[in-house]
Amino acid sequence: MACAAEHAAFNFIAVTAACAEVQRREDRPVDGTSLAMGAAAACLPSLPDFLEPAVHPNHRQFFHSVTFAVALSFGMRRVYKWEPEGELERIARAVLLIGGAAYLAHLARDAFTAKSLPLV
Ligand SMILES: [Zn+2]
């Protein structure tokens with residue numbers, strides 16, 4: 001099992017790189033946004049383990065599954081395309097994107113362990 005520090009470091013690298021790539025593809029100027037997103041994701045290293053605590057080697061169930069990762073990815077795409085109308089919606093969108101990215105980064109890191117992720 002990967003520890004919280006490993007997940008935090010992986011979250012920072014993965015989310016920073018993903019955000020920088022999105023900025024590059026959208027021809028947006030490079031600023032500190034990707035670093036801020038990565039740092040925020042590093043502060044949420046173990047969201048899936050909060051739902052399914054790592055108390056034994058077979059703790060990975062539905063919320064650690066490939067199926068949940070795919071469903072979350074579709075939800076994140078919808079949130080990404082959402083155009084907020086007010087400040088509160090803009091903050092909600094940012095929180096959802098950061099939380100979702102941190103969650104997916106955690107699952108990606110877990111997928112490369114010996115136990116990997118269950119399909120369902
Ligand atoms: Zn985990």
# chains A, B, ... in the order shown; residues from 1 in each chain; ligands from 1
>>> residues_near_ligand(ligand="ligand 1", cutoff="6 Å", atoms="only C-alpha atoms and all ligand atoms", output="ChimeraX atom specification")
/A:48-49,110
>>> write_last_selection(atoms="C-alpha atoms", output="PDB file, in the first residue's frame")
ATOM      1  CA  PRO A  48     -10.626   7.150  -1.464  1.00  0.00           C
ATOM      2  CA  ASP A  49      -9.033   5.774   1.711  1.00  0.00           C
ATOM      3  CA  ASP A 110      -3.048   2.675  -6.361  1.00  0.00           C
TER       4      ASP A 110
END
>>> residues_around(residues="region 8-20 of chain A", least_positions_apart="3", cutoff="8 Å", atoms="only C-alpha atoms", output="PyMOL selection string")
chain A and resi 4-5+23-24+30+33-45+101-102+105-106+109
>>> write_last_selection(atoms="N, CA and C atoms", output="short mmCIF file (atom, residue, chain, number, x, y, z; two decimals), in the first residue's frame")
data_model
loop_
_atom_site.label_atom_id
_atom_site.label_comp_id
_atom_site.auth_asym_id
_atom_site.auth_seq_id
_atom_site.Cartn_x
_atom_site.Cartn_y
_atom_site.Cartn_z
N ALA A 4 0.38 7.94 2.72
CA ALA A 4 -0.20 9.26 2.43
C ALA A 4 0.84 10.20 1.83
N ALA A 5 2.10 10.13 2.29
CA ALA A 5 3.13 11.02 1.75
C ALA A 5 3.40 10.70 0.28
N GLN A 23 -3.76 23.73 -19.95
CA GLN A 23 -3.47 25.13 -20.28
C GLN A 23 -2.77 25.23 -21.64
N ARG A 24 -1.82 24.33 -21.89
CA ARG A 24 -1.09 24.36 -23.16
C ARG A 24 -2.04 24.09 -24.33
N VAL A 30 0.84 30.48 -19.45
CA VAL A 30 1.34 29.70 -18.32
C VAL A 30 1.44 30.62 -17.12
N THR A 33 -1.45 28.68 -11.98
CA THR A 33 -2.67 27.91 -11.75
C THR A 33 -2.39 26.42 -11.61
N SER A 34 -1.56 25.87 -12.49
CA SER A 34 -1.31 24.43 -12.42
C SER A 34 -0.57 24.07 -11.13
N LEU A 35 0.35 24.90 -10.69
CA LEU A 35 1.05 24.65 -9.43
C LEU A 35 0.09 24.74 -8.24
N ALA A 36 -0.82 25.71 -8.29
CA ALA A 36 -1.80 25.85 -7.20
C ALA A 36 -2.74 24.65 -7.17
N MET A 37 -3.18 24.19 -8.34
CA MET A 37 -4.03 23.00 -8.39
C MET A 37 -3.29 21.78 -7.86
N GLY A 38 -2.03 21.62 -8.24
CA GLY A 38 -1.23 20.49 -7.75
C GLY A 38 -1.03 20.55 -6.25
N ALA A 39 -0.76 21.74 -5.73
CA ALA A 39 -0.57 21.88 -4.28
C ALA A 39 -1.86 21.57 -3.53
N ALA A 40 -2.99 22.02 -4.08
CA ALA A 40 -4.27 21.74 -3.43
C ALA A 40 -4.56 20.24 -3.46
N ALA A 41 -4.27 19.59 -4.59
CA ALA A 41 -4.49 18.15 -4.70
C ALA A 41 -3.57 17.37 -3.75
N ALA A 42 -2.38 17.90 -3.52
CA ALA A 42 -1.45 17.25 -2.58
C ALA A 42 -1.98 17.31 -1.15
N CYS A 43 -2.82 18.31 -0.87
CA CYS A 43 -3.41 18.42 0.47
C CYS A 43 -4.55 17.43 0.68
N LEU A 44 -4.99 16.77 -0.39
CA LEU A 44 -6.07 15.77 -0.31
C LEU A 44 -5.54 14.43 -0.82
N PRO A 45 -4.56 13.85 -0.13
CA PRO A 45 -3.90 12.67 -0.70
C PRO A 45 -4.69 11.38 -0.59
N ALA A 101 -9.70 15.65 -9.14
CA ALA A 101 -8.35 15.37 -9.62
C ALA A 101 -7.52 14.65 -8.56
N ALA A 102 -7.66 15.07 -7.31
CA ALA A 102 -6.94 14.41 -6.22
C ALA A 102 -7.41 12.96 -6.08
N ALA A 105 -6.06 10.94 -9.03
CA ALA A 105 -4.61 10.73 -8.90
C ALA A 105 -4.33 9.64 -7.88
N HIS A 106 -5.09 9.62 -6.80
CA HIS A 106 -4.93 8.56 -5.79
C HIS A 106 -5.20 7.19 -6.42
N ARG A 109 -2.36 6.13 -8.69
CA ARG A 109 -1.20 5.64 -7.93
C ARG A 109 -1.48 4.23 -7.40
#
>>> select_by_dssp(residues="region 3-109 of chain A", states="helix (DSSP H, G or I)", output="short mmCIF file (atom, residue, chain, number, x, y, z; two decimals) with N, CA and C atoms, in the first residue's frame")
data_model
loop_
_atom_site.label_atom_id
_atom_site.label_comp_id
_atom_site.auth_asym_id
_atom_site.auth_seq_id
_atom_site.Cartn_x
_atom_site.Cartn_y
_atom_site.Cartn_z
N ALA A 4 0.38 7.94 2.72
CA ALA A 4 -0.20 9.26 2.43
C ALA A 4 0.84 10.20 1.83
N ALA A 5 2.10 10.13 2.29
CA ALA A 5 3.13 11.02 1.75
C ALA A 5 3.40 10.70 0.28
N GLU A 6 3.42 9.41 -0.07
CA GLU A 6 3.59 9.03 -1.48
C GLU A 6 2.42 9.54 -2.32
N HIS A 7 1.21 9.39 -1.79
CA HIS A 7 0.03 9.87 -2.51
C HIS A 7 0.08 11.38 -2.68
N ALA A 8 0.50 12.11 -1.65
CA ALA A 8 0.57 13.57 -1.73
C ALA A 8 1.56 14.00 -2.82
N ALA A 9 2.73 13.37 -2.84
CA ALA A 9 3.74 13.71 -3.85
C ALA A 9 3.23 13.36 -5.25
N PHE A 10 2.62 12.18 -5.38
CA PHE A 10 2.09 11.78 -6.68
C PHE A 10 0.97 12.73 -7.12
N ASN A 11 0.06 13.07 -6.19
CA ASN A 11 -1.03 14.00 -6.51
C ASN A 11 -0.47 15.32 -7.03
N PHE A 12 0.55 15.84 -6.35
CA PHE A 12 1.12 17.12 -6.76
C PHE A 12 1.67 17.03 -8.18
N ILE A 13 2.46 16.02 -8.45
CA ILE A 13 3.09 15.89 -9.77
C ILE A 13 2.03 15.64 -10.86
N ALA A 14 1.12 14.70 -10.61
CA ALA A 14 0.13 14.33 -11.63
C ALA A 14 -0.82 15.48 -11.93
N VAL A 15 -1.33 16.13 -10.90
CA VAL A 15 -2.32 17.21 -11.12
C VAL A 15 -1.64 18.44 -11.71
N THR A 16 -0.43 18.77 -11.26
CA THR A 16 0.29 19.90 -11.86
C THR A 16 0.54 19.65 -13.34
N ALA A 17 1.00 18.45 -13.68
CA ALA A 17 1.28 18.12 -15.09
C ALA A 17 0.00 18.14 -15.92
N ALA A 18 -1.08 17.57 -15.39
CA ALA A 18 -2.35 17.53 -16.14
C ALA A 18 -2.88 18.94 -16.37
N CYS A 19 -2.84 19.78 -15.36
CA CYS A 19 -3.33 21.16 -15.51
C CYS A 19 -2.46 21.95 -16.49
N ALA A 20 -1.16 21.77 -16.43
CA ALA A 20 -0.27 22.46 -17.37
C ALA A 20 -0.57 22.02 -18.80
N GLU A 21 -0.86 20.74 -18.99
CA GLU A 21 -1.18 20.24 -20.34
C GLU A 21 -2.50 20.84 -20.84
N VAL A 22 -3.49 20.92 -19.95
CA VAL A 22 -4.77 21.53 -20.35
C VAL A 22 -4.55 22.99 -20.74
N GLN A 23 -3.76 23.73 -19.95
CA GLN A 23 -3.47 25.13 -20.28
C GLN A 23 -2.77 25.23 -21.64
N ARG A 24 -1.82 24.33 -21.89
CA ARG A 24 -1.09 24.36 -23.16
C ARG A 24 -2.04 24.09 -24.33
N ARG A 25 -2.90 23.08 -24.19
CA ARG A 25 -3.83 22.74 -25.28
C ARG A 25 -4.82 23.85 -25.56
N THR A 33 -1.45 28.68 -11.98
CA THR A 33 -2.67 27.91 -11.75
C THR A 33 -2.39 26.42 -11.61
N SER A 34 -1.56 25.87 -12.49
CA SER A 34 -1.31 24.43 -12.42
C SER A 34 -0.57 24.07 -11.13
N LEU A 35 0.35 24.90 -10.69
CA LEU A 35 1.05 24.65 -9.43
C LEU A 35 0.09 24.74 -8.24
N ALA A 36 -0.82 25.71 -8.29
CA ALA A 36 -1.80 25.85 -7.20
C ALA A 36 -2.74 24.65 -7.17
N MET A 37 -3.18 24.19 -8.34
CA MET A 37 -4.03 23.00 -8.39
C MET A 37 -3.29 21.78 -7.86
N GLY A 38 -2.03 21.62 -8.24
CA GLY A 38 -1.23 20.49 -7.75
C GLY A 38 -1.03 20.55 -6.25
N ALA A 39 -0.76 21.74 -5.73
CA ALA A 39 -0.57 21.88 -4.28
C ALA A 39 -1.86 21.57 -3.53
N ALA A 40 -2.99 22.02 -4.08
CA ALA A 40 -4.27 21.74 -3.43
C ALA A 40 -4.56 20.24 -3.46
N ALA A 41 -4.27 19.59 -4.59
CA ALA A 41 -4.49 18.15 -4.70
C ALA A 41 -3.57 17.37 -3.75
N ALA A 42 -2.38 17.90 -3.52
CA ALA A 42 -1.45 17.25 -2.58
C ALA A 42 -1.98 17.31 -1.15
N LEU A 47 -8.41 10.72 -0.30
CA LEU A 47 -9.88 10.75 -0.32
C LEU A 47 -10.49 9.36 -0.45
N PRO A 48 -10.02 8.49 -1.37
CA PRO A 48 -10.63 7.15 -1.46
C PRO A 48 -10.42 6.33 -0.19
N ASP A 49 -9.29 6.52 0.48
CA ASP A 49 -9.03 5.77 1.71
C ASP A 49 -9.89 6.30 2.86
N PHE A 50 -10.42 7.52 2.73
CA PHE A 50 -11.37 8.03 3.72
C PHE A 50 -12.68 7.23 3.60
N LEU A 51 -13.09 6.92 2.36
CA LEU A 51 -14.33 6.15 2.15
C LEU A 51 -14.13 4.67 2.44
N PHE A 62 -15.62 -0.80 -4.20
CA PHE A 62 -16.22 0.00 -5.27
C PHE A 62 -15.57 1.39 -5.41
N PHE A 63 -15.33 2.09 -4.30
CA PHE A 63 -14.80 3.46 -4.39
C PHE A 63 -13.31 3.49 -4.76
N HIS A 64 -12.71 2.32 -4.88
CA HIS A 64 -11.34 2.20 -5.39
C HIS A 64 -11.34 1.48 -6.74
N VAL A 66 -12.08 0.57 -10.95
CA VAL A 66 -11.95 1.17 -12.29
C VAL A 66 -13.30 1.77 -12.70
N THR A 67 -14.39 1.08 -12.38
CA THR A 67 -15.73 1.57 -12.71
C THR A 67 -15.98 2.94 -12.09
N PHE A 68 -15.63 3.10 -10.81
CA PHE A 68 -15.84 4.39 -10.15
C PHE A 68 -14.93 5.45 -10.76
N ALA A 69 -13.71 5.08 -11.12
CA ALA A 69 -12.79 6.04 -11.73
C ALA A 69 -13.34 6.55 -13.06
N VAL A 70 -13.91 5.65 -13.86
CA VAL A 70 -14.49 6.06 -15.15
C VAL A 70 -15.69 6.99 -14.92
N ALA A 71 -16.57 6.60 -13.98
CA ALA A 71 -17.74 7.43 -13.69
C ALA A 71 -17.31 8.82 -13.18
N LEU A 72 -16.32 8.85 -12.33
CA LEU A 72 -15.83 10.13 -11.81
C LEU A 72 -15.21 10.97 -12.94
N SER A 73 -14.55 10.31 -13.86
CA SER A 73 -13.96 11.04 -15.00
C SER A 73 -15.04 11.71 -15.84
N PHE A 74 -16.14 10.99 -16.08
CA PHE A 74 -17.24 11.60 -16.83
C PHE A 74 -17.83 12.78 -16.06
N GLY A 75 -18.00 12.62 -14.75
CA GLY A 75 -18.50 13.72 -13.93
C GLY A 75 -17.57 14.92 -13.95
N MET A 76 -16.26 14.65 -13.90
CA MET A 76 -15.29 15.74 -13.94
C MET A 76 -15.32 16.47 -15.27
N ARG A 77 -15.56 15.74 -16.35
CA ARG A 77 -15.65 16.39 -17.66
C ARG A 77 -16.83 17.36 -17.70
N ARG A 78 -17.95 16.93 -17.12
CA ARG A 78 -19.12 17.80 -17.06
C ARG A 78 -18.84 19.05 -16.23
N VAL A 79 -18.18 18.86 -15.11
CA VAL A 79 -17.83 20.00 -14.25
C VAL A 79 -16.87 20.93 -14.99
N TYR A 80 -15.92 20.35 -15.71
CA TYR A 80 -14.94 21.16 -16.45
C TYR A 80 -15.64 22.03 -17.51
N LYS A 81 -16.64 21.46 -18.17
CA LYS A 81 -17.37 22.19 -19.22
C LYS A 81 -18.38 23.19 -18.67
N GLU A 87 -19.83 33.95 -8.39
CA GLU A 87 -18.60 33.65 -7.64
C GLU A 87 -18.71 32.33 -6.88
N LEU A 88 -19.87 32.09 -6.27
CA LEU A 88 -20.05 30.85 -5.50
C LEU A 88 -19.96 29.63 -6.41
N GLU A 89 -20.55 29.71 -7.60
CA GLU A 89 -20.46 28.60 -8.55
C GLU A 89 -19.03 28.41 -9.05
N ARG A 90 -18.31 29.51 -9.21
CA ARG A 90 -16.92 29.42 -9.65
C ARG A 90 -16.06 28.71 -8.59
N ILE A 91 -16.32 29.02 -7.33
CA ILE A 91 -15.59 28.37 -6.24
C ILE A 91 -15.98 26.89 -6.16
N ALA A 92 -17.28 26.60 -6.30
CA ALA A 92 -17.74 25.21 -6.26
C ALA A 92 -17.10 24.40 -7.39
N ARG A 93 -17.01 25.00 -8.57
CA ARG A 93 -16.37 24.31 -9.71
C ARG A 93 -14.92 24.00 -9.41
N ALA A 94 -14.20 24.97 -8.86
CA ALA A 94 -12.77 24.77 -8.54
C ALA A 94 -12.60 23.67 -7.48
N VAL A 95 -13.45 23.69 -6.46
CA VAL A 95 -13.36 22.68 -5.39
C VAL A 95 -13.63 21.29 -5.96
N LEU A 96 -14.66 21.19 -6.82
CA LEU A 96 -14.99 19.88 -7.42
C LEU A 96 -13.86 19.39 -8.32
N LEU A 97 -13.27 20.29 -9.09
CA LEU A 97 -12.18 19.87 -9.99
C LEU A 97 -10.94 19.44 -9.19
N ILE A 98 -10.62 20.18 -8.15
CA ILE A 98 -9.45 19.82 -7.33
C ILE A 98 -9.70 18.49 -6.60
N GLY A 99 -10.87 18.37 -5.98
CA GLY A 99 -11.19 17.12 -5.27
C GLY A 99 -11.23 15.93 -6.21
N GLY A 100 -11.83 16.11 -7.37
CA GLY A 100 -11.89 15.02 -8.35
C GLY A 100 -10.52 14.63 -8.87
N ALA A 101 -9.70 15.65 -9.14
CA ALA A 101 -8.35 15.37 -9.62
C ALA A 101 -7.52 14.65 -8.56
N ALA A 102 -7.66 15.07 -7.31
CA ALA A 102 -6.94 14.41 -6.22
C ALA A 102 -7.41 12.96 -6.08
N TYR A 103 -8.71 12.76 -6.19
CA TYR A 103 -9.27 11.40 -6.07
C TYR A 103 -8.74 10.51 -7.20
N LEU A 104 -8.80 11.02 -8.44
CA LEU A 104 -8.33 10.23 -9.58
C LEU A 104 -6.83 9.96 -9.50
N ALA A 105 -6.06 10.94 -9.03
CA ALA A 105 -4.61 10.73 -8.90
C ALA A 105 -4.33 9.64 -7.88
N HIS A 106 -5.09 9.62 -6.80
CA HIS A 106 -4.93 8.56 -5.79
C HIS A 106 -5.20 7.19 -6.42
N LEU A 107 -6.28 7.10 -7.18
CA LEU A 107 -6.60 5.81 -7.82
C LEU A 107 -5.53 5.43 -8.84
N ALA A 108 -5.00 6.40 -9.56
CA ALA A 108 -3.94 6.10 -10.53
C ALA A 108 -2.71 5.54 -9.83
N ARG A 109 -2.36 6.13 -8.69
CA ARG A 109 -1.20 5.64 -7.93
C ARG A 109 -1.48 4.23 -7.40
#
>>> closest_residue(among="A:Thr113, A:Leu119, A:Pro84, A:Pro29", to="Pro57 (chain A)", atoms="only C-alpha atoms")
A:Thr113
>>> atom_distance(atom1="CA of His59 (chain A)", atom2="CA of Lys115 (chain A)")
10.1 Å
>>> atom_distance(atom1="CA of Ser65 (chain A)", atom2="CA of Ala111 (chain A)")
9.2 Å
>>> atom_distance(atom1="CA of Gly32 (chain A)", atom2="CA of Phe112 (chain A)")
28.9 Å
>>> decode(residues="region 23-35 of chain A", atoms="N, CA and C atoms", output="compact mmCIF listing (two decimals), in the first residue's frame")
# COMPACT_ATOMS: atom_id res chain seq x y z
N GLN A 23 -3.76 23.73 -19.95
CA GLN A 23 -3.47 25.13 -20.28
C GLN A 23 -2.77 25.23 -21.64
N ARG A 24 -1.82 24.33 -21.89
CA ARG A 24 -1.09 24.36 -23.16
C ARG A 24 -2.04 24.09 -24.33
N ARG A 25 -2.90 23.08 -24.19
CA ARG A 25 -3.83 22.74 -25.28
C ARG A 25 -4.82 23.85 -25.56
N GLU A 26 -5.19 24.60 -24.53
CA GLU A 26 -6.16 25.69 -24.71
C GLU A 26 -5.48 27.03 -25.01
N ASP A 27 -4.18 27.00 -25.26
CA ASP A 27 -3.42 28.21 -25.57
C ASP A 27 -3.59 29.29 -24.52
N ARG A 28 -3.72 28.85 -23.26
CA ARG A 28 -3.81 29.83 -22.16
C ARG A 28 -2.40 30.13 -21.68
N PRO A 29 -2.18 31.33 -21.17
CA PRO A 29 -0.83 31.68 -20.69
C PRO A 29 -0.43 30.81 -19.50
N VAL A 30 0.84 30.48 -19.45
CA VAL A 30 1.34 29.70 -18.32
C VAL A 30 1.44 30.62 -17.12
N ASP A 31 0.73 30.26 -16.07
CA ASP A 31 0.78 31.02 -14.82
C ASP A 31 0.88 30.01 -13.66
N GLY A 32 0.59 30.44 -12.47
CA GLY A 32 0.72 29.56 -11.31
C GLY A 32 -0.48 28.67 -11.06
N THR A 33 -1.45 28.68 -11.98
CA THR A 33 -2.67 27.91 -11.75
C THR A 33 -2.39 26.42 -11.61
N SER A 34 -1.56 25.87 -12.49
CA SER A 34 -1.31 24.43 -12.42
C SER A 34 -0.57 24.07 -11.13
N LEU A 35 0.35 24.90 -10.69
CA LEU A 35 1.05 24.65 -9.43
C LEU A 35 0.09 24.74 -8.24
